[in-house]
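S.K.: Would you mind keeping the following structure in view while I ask a few things?
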Amino acid sequence: MSLLESIPQLNQLLDVWQKDNRTSEQVIHVLNKISELVEKETEAYLKMDPDPFDDRHPSRARPDCSLGLVLKTLFRNDDFMNKLVNDYVMHRDDKDLHIAACRLMLDILPGLETSVVFNETEGLVQRLFQWAESASDPLQSYATGLLAAAMEVQDIATNSKDQNARLLPIMLKRLKELRNKSIETNENHLNDRPFLHLNNNSLSPKKCISKSKADLSDISSESPNKSKRTLQSSSPDLNKRRRLSSPISFSALSPSTYNSECSNSSWAEVEPYMIGFSKVHPLTEEMKQRFILQYLTPMGDYQEMLCFVFEHNALSLIMHYIDLTKNRDIRLAFDALKYLASLLCHKKFSLEFLNARGLEQLLQIYRPSVAATGVSICLYYLAYNEDAMEKICLLPKHVLNDLVAYALWLLECSHDSSRCHATMFFSLSFSFRMILELFDSQDGLRKLLNVIFLLDIFSDETEYTEDELFTKRQNARHVCVALKRYYEAHLLVEAEILRRSTSYSSFESTSKDSMATNVPPYKSTRYSYDIIMERVETLLELMPIRINWKPVDELLKLSGVKLLIQLIAVSYDWNFTGKAEAVRSALDVLVVCSVTPKFQNVLCENVPVGDDNQNTVGIRIILAAAEGEIVADPDCQRSALNVIVNCVCGPLSRIGGSIARLCGGSAKKRSFRSGEDLLTKMWNCVRSNNGIMILLNLLMVKTPITDADSIRALSCKALCGLARSETVKQIISKLPLFTNGQIQGLMKEPILQDKRTEHIKFCKHCIELIERVTGAPVATNLETSIANINKAEVVAQTRIEFNEKELLQLIYHHLMKKGLSKTAQLLHTEAELPASGSNRAISLWQTTPLSLNRVSRPISTAPFPNSLSTSSPVSSATLNNTMTPVVSANTLSSPSSLQNANSLSPSVPIRIHRPNPSKSSAKSLSVRKLQSTTHPSSPIIKRLNEHSSQPQAVSSISLDSIVTEYLRKQHALCKNPVVTCPPFDLFTPHRCPEPLNRDSAPINMTTRLQRRSIFPRFGGLNGSKMDRKFIYSRFRPIRSYRDPESSSSFSSCAFSYVDQFLFLGTLSGELAAFNLHSGTLEATYSCHESEITHIEPSRDGKLILTSSLWRQPLSALWTFTDVFEMKLPFRDDYYVEFGKQSQDRVLGTKDFAAHLYDLPTGKMVHTYQDENLSNRYVKNRATFHPSDDLILNDGVLWDTRSATPVHKFDKFNEHINGVFHPNGQEILSNSEIFCKVDNFCHAVFEEENSEEEDQSKSPYGSSFRTFDAYDYSSIATIDVKRSIYDLAVDPGDCYIALVENQNNRDAFANESVARLFEIGRHKEDDDEEDDEDDDDEENDVADEDTDEDDNIDNTEDFDLEPDGDDDESGDDESDGDHSNDSDSGESDGLDDAMLMLSDHSSDDEIVYQLNDE
């Protein structure tokens, strides 16, 4: 019935019911008519072959079906539905009305909210129990069907346990009676067959049935090839029977013929065996049995109901229904399979089912058919039971082969639910090696990947409904899980093969974990995450460079790598509960496969991603997953990090890595070092995709607290692999992670105390990273930096020499102190000691002002065998291993006359390390390995190697070694130790001379100025640096500017090149021009409708560029002459700037693209953007090189003439793109400085926090800093106590302008002020300081300082914090070490900073504004 006919007919019936519903006969007539209408539409809907496990409303499952619209139309009539449930079903005495109402309720169940109807209708479930138990048909069967729907609601089933326990055995008995009755009916049907006497065997019906059953059993026991030949030979006779018999007999179409999938039968013949029929009226025997099975299905999940199943032999009933040679109703077989699946979750029943040859019977189910979909869920529940799978693996091989073939067919040709069940079956059974081998032999990987390929999951989501998208993503998730299990199973097998075939001492079979793969093929291989990662490391170390690992090769051949990477990329937009598991499983597949060099090479290739198929490097997507950008799940991050670790931490030399071969038949040979070349390629790929920044950020993670330690450990391990690259090593050695000792701070304590195991791994990788970067081993005391490690290298390389007679003098005084005067005199005579030595020792030790307490400070040197180290706090484990006597330094002092000196200066403790003989060989092996692989040039390693190579006694401590080590510790305390030292004096504390230069400029500013007439320029060496520090650490506030109308707050500022104007932009989009000298407001221009974020006047003063936050045009070029008007709009560019050399070009920025405009023509010349090279800075601003030949955009350097990228710089922050140094040779990007060539200089500013912070909460939100532009040493930090919105330096470097707002941008009125500071002058001591309230009461537009020596009016207090020891009065200035700012340890908010350079007249000063624009 068409939709045009059914809806009007339904409306007509409802109108009739509305008018004539007084008598029961009229109501029954209408109900029956509606039931007939719904049943016709249901039959048409079933012919569309919907998924039988899809319990959604028909209109959602198939929007084009008419059944859904009929049900919607019916449910819109609330009066009718309320009457149907509350009155007609619950009517007291009218049986016919009950039958008609229950029939209609059964028909509309696909669209009925059963949980609401059965829970809210009081007494309905109880009445259904009564009818199902004692009523007569058809009411009894209808009630059973409705009760089955009610039991699907778990709350109802739980509350009705007692009633179900009473009704379930009754239903099983009734089902058995109906089964027997159907068998008799089938026998009678055989007796009625015409021309039965023409049968050659002349068998009776019973014999015919038994004969067919025997034939089937014989066929199933034969080999697959033989049974196939037998079944094919019988097909002509069967075809003849189909043509002769009408209606078609159930025995006419055998499973073998039907499963051949090559039948030429008509749809009318095969429809009963594929889809079947579902007729509620008139009620058939098959429908009665279906209602009972539907009721039994939800009861099969309960353990307490299992006794009735065995008591009434429900297994025999199920075996009868799934045998399609006995049961002709395919829908009845499907309901029996659903009941079977609910029972298979019980281990005992599943084993009974297998013993009854149930699996062989399942594999005889027709395919394609509705029942085949039921087989899929049965296979899934069987795979869920490990004991059942072990029993299945012991079945004959042809049965297993048929099982895998059936499941693979379900993957390709069945409904979505059966594909899902088949996928889960394989994911659970891949741990059994027999199933794994059969899966590979039948091309299973291709069929499994085809499930995702055919989902069309990467197309536009708007083409599908939410339900369709959910189904597609759910299937993709299950396929990813199955692929993960598949490759993990192959990993265990391959690792075991390599382990046994390679004599590798680190992978002995004695480990307990190695037994995981030594299991029979019919048993499941159990493994954990740690075992998988151990096997991954095994393959990474042992796998040859040119190995052909079939599972990975097949995945590459089928383009599965790109498929998985695309799946990970598109999952970013998914709103799906299984998103994390899908991404994690896909990444786990990449973890296993990335052990092979071929696979790693593919990760460096481009992958089309998104609707526009934009090419993206695969490793970039993996890095995004490691960062948590795709899905914020720690397990996904760990899996992505494991992929990166495999790519960058592989061995430098693999088996078969260096091969020489003839090229082109010539005698010339080429050497391929594939292992090293591949690693270099992976290092460069990870680096070019900002991998260093991502890994460094992951080192600092603290959330989630339960996974932070493991994420830190993996990221540090990846950095260790990257650090083998010389370029990467040089980069990270200049970062605060090493220069400020941050990595040692991370090693102190774990994030979570329960995760100490992960923290130990993290510390291990940190030590390895430090050793690789510094080239020296790390001491037990980890509180050190690169400077201290280098200092320890110098100390270790120094040769210690001393005068032996001085040592004898100390021994002489010691003997005298102990009262051994005769021995002392004998020593004095034989050694010919000088008579004045005693007085020299006493006088020197008593007058030396140096406190020997410094010797006890922890020194960062390696623990030497047979040597001494100073006493320092160490861990308990270290103390246990080094429990040795401590010799006090007072044993080396003079006699009793030295007691006063000893009481004034504390003793120097010395710890003696006794070597462990049992560990000497292992230590020497580790030293040799460390020397040959990591840092062979380290003098510490040389010393360790010398000690380990020399055979020594158990106790080899000598007086000479004690004194030598004592002197070495003194040498370590020197500020600048030198390698070559004169002989040490035992009576004088050692100190290396400080480097001095006679030509150095004086520290005092006045003296330096006086010496200019004598010495060369600046008064001597470093004089210019001291002058810059003196000038740019002083800022004097001279004037403040306010909006006279207080209508808006200032947002940006800029100085003009001529006429001395100060331009101020406002939040309302106006441009205010103030006279710099008089402070008066000259003019106000309306430029934009939103906040002005940038102002740049031209050098001739005739043009002005402005940029705004939103509302097009975002930027514009204005003429600033007699008429102020817009000359050229830049609609989409949120930042624009003039060229540095010639200002006839303008560079605009839109997101990650830079646009070059020609001003005379007003046209865009070129666009500079490369998606593969883009760093995607949040606040990207393209800028010109001082020569205008280069452009820096989004971290990429472009040549303006050829419009080609020159170089991509490493990304170390998320926000700042960077600017050129005025000298044109360096680039400043946030806290890092890059050379213009491919060479990283160093990092000078503090490391920033990766999270954006509110400006009012930033520690430097109200301050700006100055740096020396030559060596980037800090000069000063100036706090103005208000949030800084913008900063500008005038062209002559004489003034600096700040836009200050109170707290945040939400405060507008009377809270904004622009201040002018004079550079190089301090505020005088007698200047008056006004409070904040005095500033608010001032009504002047600008407060001008009439006399620079007089009081400064209307300015706020500000703090000047010079980053050195310069004198407050200005007379003296310290020339200390300015490489580190004194306040740098508190900075964690520089991500929202903007760099501004004084690039107009000189390159001496860098002003670093620490606020967000």
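Within each chain, counting starts at residue 1; across the structure tokens, chains are named A, B, ... in the order shown, with ligands numbered 1 upward in that order.
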Which residues come within 12 Å of Ala632 of chain A, counting only C-alpha atoms, excluding same-chain residues fewer than 4 positions away, as number ranges by chain?

M.R.: A: 571-572, 579-581, 583-584, 624-628, 636-638, 703-704, 707

S.K.: Atoms to include: all heavy atoms. Write the selected residues as a short mmCIF file (atom, residue, chain, number, x, y, z; two decimals), in the first residue's frame.

M.R.:
data_model
loop_
_atom_site.label_atom_id
_atom_site.label_comp_id
_atom_site.auth_asym_id
_atom_site.auth_seq_id
_atom_site.Cartn_x
_atom_site.Cartn_y
_atom_site.Cartn_z
N SER A 571 38.39 12.31 13.50
CA SER A 571 37.71 12.09 14.79
C SER A 571 37.73 13.34 15.66
O SER A 571 37.05 13.38 16.69
CB SER A 571 38.38 10.93 15.53
OG SER A 571 39.72 11.24 15.87
N TYR A 572 38.50 14.34 15.28
CA TYR A 572 38.54 15.60 16.04
C TYR A 572 37.14 16.22 16.14
O TYR A 572 36.79 16.81 17.16
CB TYR A 572 39.52 16.57 15.37
CG TYR A 572 39.56 17.93 16.00
CD1 TYR A 572 40.32 18.16 17.15
CD2 TYR A 572 38.86 19.01 15.46
CE1 TYR A 572 40.36 19.41 17.74
CE2 TYR A 572 38.90 20.26 16.04
CZ TYR A 572 39.65 20.45 17.18
OH TYR A 572 39.69 21.70 17.76
N LYS A 579 34.71 7.68 20.93
CA LYS A 579 35.76 8.37 20.18
C LYS A 579 37.15 8.06 20.73
O LYS A 579 38.08 7.76 19.97
CB LYS A 579 35.49 9.88 20.23
CG LYS A 579 36.59 10.75 19.68
CD LYS A 579 36.23 12.21 19.83
CE LYS A 579 37.36 13.13 19.42
NZ LYS A 579 36.99 14.57 19.55
N ALA A 580 37.30 8.12 22.04
CA ALA A 580 38.62 7.90 22.65
C ALA A 580 39.12 6.48 22.37
O ALA A 580 40.30 6.28 22.04
CB ALA A 580 38.56 8.16 24.15
N GLU A 581 38.24 5.50 22.48
CA GLU A 581 38.67 4.12 22.24
C GLU A 581 39.03 3.91 20.78
O GLU A 581 39.99 3.18 20.47
CB GLU A 581 37.55 3.16 22.65
CG GLU A 581 37.96 1.70 22.53
CD GLU A 581 36.87 0.74 22.94
OE1 GLU A 581 35.74 1.22 23.19
OE2 GLU A 581 37.12 -0.47 23.01
N VAL A 583 40.22 6.17 18.61
CA VAL A 583 41.51 6.81 18.35
C VAL A 583 42.63 6.04 19.02
O VAL A 583 43.70 5.83 18.43
CB VAL A 583 41.47 8.27 18.84
CG1 VAL A 583 42.83 8.92 18.71
CG2 VAL A 583 40.43 9.06 18.06
N ARG A 584 42.41 5.61 20.25
CA ARG A 584 43.46 4.87 20.97
C ARG A 584 43.79 3.56 20.26
O ARG A 584 44.97 3.19 20.13
CB ARG A 584 43.00 4.61 22.40
CG ARG A 584 44.04 3.86 23.23
CD ARG A 584 43.62 3.79 24.68
NE ARG A 584 42.40 3.04 24.89
CZ ARG A 584 41.23 3.55 25.23
NH1 ARG A 584 41.12 4.86 25.38
NH2 ARG A 584 40.18 2.79 25.42
N ALA A 624 49.74 15.79 17.08
CA ALA A 624 48.54 16.45 17.60
C ALA A 624 47.80 15.54 18.58
O ALA A 624 47.28 16.00 19.60
CB ALA A 624 47.63 16.84 16.45
N ALA A 625 47.77 14.24 18.29
CA ALA A 625 47.15 13.30 19.22
C ALA A 625 47.94 13.21 20.52
O ALA A 625 47.37 13.10 21.61
CB ALA A 625 47.02 11.92 18.57
N ALA A 626 49.27 13.26 20.42
CA ALA A 626 50.11 13.23 21.63
C ALA A 626 49.90 14.47 22.48
O ALA A 626 49.96 14.41 23.71
CB ALA A 626 51.58 13.09 21.25
N GLU A 627 49.62 15.58 21.85
CA GLU A 627 49.40 16.83 22.56
C GLU A 627 48.03 16.88 23.22
O GLU A 627 47.78 17.72 24.08
CB GLU A 627 49.57 17.99 21.60
CG GLU A 627 49.72 19.34 22.25
CD GLU A 627 49.96 20.43 21.24
OE1 GLU A 627 49.79 20.16 20.02
OE2 GLU A 627 50.33 21.56 21.63
N GLY A 628 47.15 15.95 22.84
CA GLY A 628 45.79 15.96 23.36
C GLY A 628 44.86 16.86 22.59
O GLY A 628 43.76 17.17 23.06
N CYS A 636 45.20 7.86 24.88
CA CYS A 636 45.50 8.23 23.49
C CYS A 636 46.83 8.95 23.41
O CYS A 636 47.61 8.73 22.47
CB CYS A 636 44.38 9.11 22.94
SG CYS A 636 42.78 8.28 22.76
N GLN A 637 47.10 9.82 24.37
CA GLN A 637 48.37 10.53 24.37
C GLN A 637 49.54 9.56 24.54
O GLN A 637 50.56 9.70 23.87
CB GLN A 637 48.39 11.56 25.49
CG GLN A 637 47.45 12.73 25.26
CD GLN A 637 47.52 13.75 26.38
OE1 GLN A 637 46.77 13.68 27.35
NE2 GLN A 637 48.42 14.70 26.25
N ARG A 638 49.37 8.58 25.41
CA ARG A 638 50.44 7.59 25.59
C ARG A 638 50.68 6.79 24.31
O ARG A 638 51.84 6.53 23.94
CB ARG A 638 50.11 6.66 26.76
CG ARG A 638 50.49 7.20 28.11
CD ARG A 638 50.43 6.11 29.16
NE ARG A 638 49.06 5.68 29.37
CZ ARG A 638 48.28 6.13 30.33
NH1 ARG A 638 48.73 7.06 31.15
NH2 ARG A 638 47.04 5.70 30.47
N THR A 703 48.34 17.37 34.79
CA THR A 703 46.99 16.81 34.76
C THR A 703 46.87 15.93 33.52
O THR A 703 47.48 16.21 32.48
CB THR A 703 45.94 17.93 34.69
OG1 THR A 703 46.22 18.78 33.57
CG2 THR A 703 45.93 18.74 35.97
N PRO A 704 46.06 14.86 33.59
CA PRO A 704 45.42 14.34 34.81
C PRO A 704 46.45 13.76 35.76
O PRO A 704 47.46 13.21 35.33
CB PRO A 704 44.48 13.27 34.28
CG PRO A 704 45.09 12.84 32.99
CD PRO A 704 45.76 14.04 32.40
N ASP A 707 47.89 10.19 35.39
CA ASP A 707 48.61 9.79 34.17
C ASP A 707 49.76 10.73 33.83
O ASP A 707 50.46 10.48 32.85
CB ASP A 707 47.64 9.74 32.98
CG ASP A 707 46.48 8.79 33.21
OD1 ASP A 707 46.69 7.59 33.03
OD2 ASP A 707 45.38 9.25 33.57
#

S.K.: Identify, on the basis of only C-alpha atoms, every residue whose closest approach to segment 1186-1197 of chain A does not exceed 9 Å; exclude the query and any residue fewer than 4 positions from it along the same chain; express the result as a PyMOL selection string.

M.R.: chain A and resi 1139-1142+1147+1149+1151-1154+1168-1170+1173-1177+1179-1182+1201+1204-1211+1216-1224+1227+1229+1236+1399

S.K.: I'd like to know which of A:Leu436, A:Met105, A:Leu445, A:Val117 is closest to Asn401 of chain A, using only C-alpha atoms.

M.R.: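 Residue with the minimum atom-to-atom distance to Asn401 of chain A: A:Leu436.
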
S.K.: What is the distance, in Å and to one decimal place, between atom CA of Leu84 of chain A and atom CA of Lys72 of chain A?

M.R.: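 Interatomic distance here is 15.5 Å.
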
S.K.: Could you write out, as a PyMOL selection string, all the residues of segment 1018-1059 of chain A that DSSP marks as helix (DSSP H, G or I)?

M.R.: chain A and resi 1018-1019+1023-1031

S.K.: Can I get the selection written as a PDB file, in the first residue's frame, with C-alpha atoms?

M.R.:
ATOM      1  CA  PHE A1018      83.453  54.191  25.737  1.00  0.00           C
ATOM      2  CA  GLY A1019      86.306  54.290  28.261  1.00  0.00           C
ATOM      3  CA  GLY A1023      82.187  50.298  28.215  1.00  0.00           C
ATOM      4  CA  SER A1024      79.377  50.476  25.638  1.00  0.00           C
ATOM      5  CA  LYS A1025      77.553  47.637  27.355  1.00  0.00           C
ATOM      6  CA  MET A1026      77.750  49.413  30.685  1.00  0.00           C
ATOM      7  CA  ASP A1027      76.509  52.625  29.081  1.00  0.00           C
ATOM      8  CA  ARG A1028      73.513  50.832  27.605  1.00  0.00           C
ATOM      9  CA  LYS A1029      72.732  49.272  30.933  1.00  0.00           C
ATOM     10  CA  PHE A1030      72.951  52.647  32.611  1.00  0.00           C
ATOM     11  CA  ILE A1031      70.682  54.402  30.090  1.00  0.00           C
TER      12      ILE A1031
END

S.K.: Going by DSSP on the backbone, which residues of segment 1064-1217 of chain A come out as strand (DSSP E)? List them as a ChimeraX atom specification.

M.R.: /A:1064-1066,1070-1075,1081-1086,1092-1097,1103-1108,1115-1120,1124-1130,1135-1138,1145-1150,1153-1158,1163-1168,1183-1184,1190-1193,1196-1199,1204-1208

S.K.: Have a look at A:Gly1261, A:Pro1113, A:Pro982, A:Gly276 and name the one nearest to Phe802 of chain A; count only C-alpha atoms.

M.R.: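 For Phe802 of chain A, the nearest of the given residues is A:Pro982.
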
S.K.: Excluding Gln970 of chain A and its own-chain neighbours fewer than 3 positions away, which residues fall within 7 Å of it when counting only C-alpha atoms? Please give them as a list in words.

M.R.: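 Using only C-alpha atoms, the neighbours found are Val855, Tyr966, Leu967, Leu973 and His990 of chain A.
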
S.K.: At a cut-off of 8 Å, using only C-alpha atoms, what residues contact Leu1316 of chain A? Leave out same-chain residues fewer than 3 positions from it and give the result as a PDB file with N, CA and C atoms, in the first residue's frame.

M.R.:
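The new file part_34.pdb reads:
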ATOM      1  N   PRO A1037      58.819  59.067  34.234  1.00  0.00           N
ATOM      2  CA  PRO A1037      57.491  59.463  33.737  1.00  0.00           C
ATOM      3  C   PRO A1037      57.379  60.985  33.700  1.00  0.00           C
ATOM      4  N   ILE A1038      57.005  61.508  32.536  1.00  0.00           N
ATOM      5  CA  ILE A1038      56.935  62.963  32.386  1.00  0.00           C
ATOM      6  C   ILE A1038      55.541  63.455  32.020  1.00  0.00           C
ATOM      7  N   ARG A1039      54.691  62.605  31.505  1.00  0.00           N
ATOM      8  CA  ARG A1039      53.397  63.121  31.071  1.00  0.00           C
ATOM      9  C   ARG A1039      52.384  61.978  30.983  1.00  0.00           C
ATOM     10  N   SER A1040      51.120  62.293  31.228  1.00  0.00           N
ATOM     11  CA  SER A1040      50.048  61.310  31.080  1.00  0.00           C
ATOM     12  C   SER A1040      48.937  61.916  30.228  1.00  0.00           C
ATOM     13  N   TYR A1295      61.906  58.565  24.026  1.00  0.00           N
ATOM     14  CA  TYR A1295      60.685  58.405  24.805  1.00  0.00           C
ATOM     15  C   TYR A1295      60.094  57.025  24.566  1.00  0.00           C
ATOM     16  N   ILE A1296      59.305  56.620  25.529  1.00  0.00           N
ATOM     17  CA  ILE A1296      58.539  55.387  25.416  1.00  0.00           C
ATOM     18  C   ILE A1296      57.134  55.676  25.917  1.00  0.00           C
ATOM     19  N   ALA A1297      56.126  55.197  25.175  1.00  0.00           N
ATOM     20  CA  ALA A1297      54.728  55.436  25.523  1.00  0.00           C
ATOM     21  C   ALA A1297      54.074  54.119  25.907  1.00  0.00           C
ATOM     22  N   LEU A1298      53.275  54.178  26.955  1.00  0.00           N
ATOM     23  CA  LEU A1298      52.554  53.003  27.432  1.00  0.00           C
ATOM     24  C   LEU A1298      51.070  53.324  27.489  1.00  0.00           C
TER      25      LEU A1298
END

S.K.: Which residue out of A:Ala405, A:Leu695, A:Ile435, A:Leu719 has the minimum interatomic distance to Lys447 of chain A when only C-alpha atoms are used?

M.R.: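 The closest residue to Lys447 of chain A is A:Ala405.
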
S.K.: So which one's closest to Leu354 of chain A, A:Ala388, A:Lys729, A:Asp335, A:Asp1043? Using only C-alpha atoms, please.

M.R.: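 Closest candidate: A:Ala388.
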
S.K.: Any idea what's packed within 8 Å of Ala489 of chain A, counting only C-alpha atoms, ignoring anything in its chain fewer than 6 positions away? Could you give it as a list in words?

M.R.: Phe430, Ser431, Arg433, Leu436 and Thr525 of chain A

S.K.: Since we have the selection now, will you write its residues out, keeping C-alpha atoms, as a PDB file, in the first residue's frame?

M.R.:
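For reference, again_4.pdb as written:
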ATOM      1  CA  PHE A 430      42.705 -13.124  17.442  1.00  0.00           C
ATOM      2  CA  SER A 431      44.458 -14.167  20.631  1.00  0.00           C
ATOM      3  CA  ARG A 433      46.754 -18.487  16.926  1.00  0.00           C
ATOM      4  CA  LEU A 436      44.706 -15.792  13.421  1.00  0.00           C
ATOM      5  CA  THR A 525      47.635 -15.674  24.491  1.00  0.00           C
TER       6      THR A 525
END

S.K.: Taking 4 positions as the minimum chain separation for residues in the same chain, which residues sit within 6 Å of Leu1076 of chain A when counting only C-alpha atoms? Answer as a PyMOL selection string.

M.R.: chain A and resi 1060-1062

S.K.: Can I get the selection written as a short mmCIF file (atom, residue, chain, number, x, y, z; two decimals), in the first residue's frame, with C-alpha atoms?

M.R.:
data_model
loop_
_atom_site.label_atom_id
_atom_site.label_comp_id
_atom_site.auth_asym_id
_atom_site.auth_seq_id
_atom_site.Cartn_x
_atom_site.Cartn_y
_atom_site.Cartn_z
CA GLN A 1060 55.88 64.86 16.95
CA PHE A 1061 52.39 63.40 17.29
CA LEU A 1062 51.38 60.64 19.67
#

S.K.: Of the candidates A:Leu590, A:Leu128, A:Leu10, A:Cys420, which shows the shortest atom-to-atom distance to Val30 of chain A, using only C-alpha atoms?

M.R.: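 Among A:Leu590, A:Leu128, A:Leu10, A:Cys420, it is A:Leu10 that comes nearest to Val30 of chain A.
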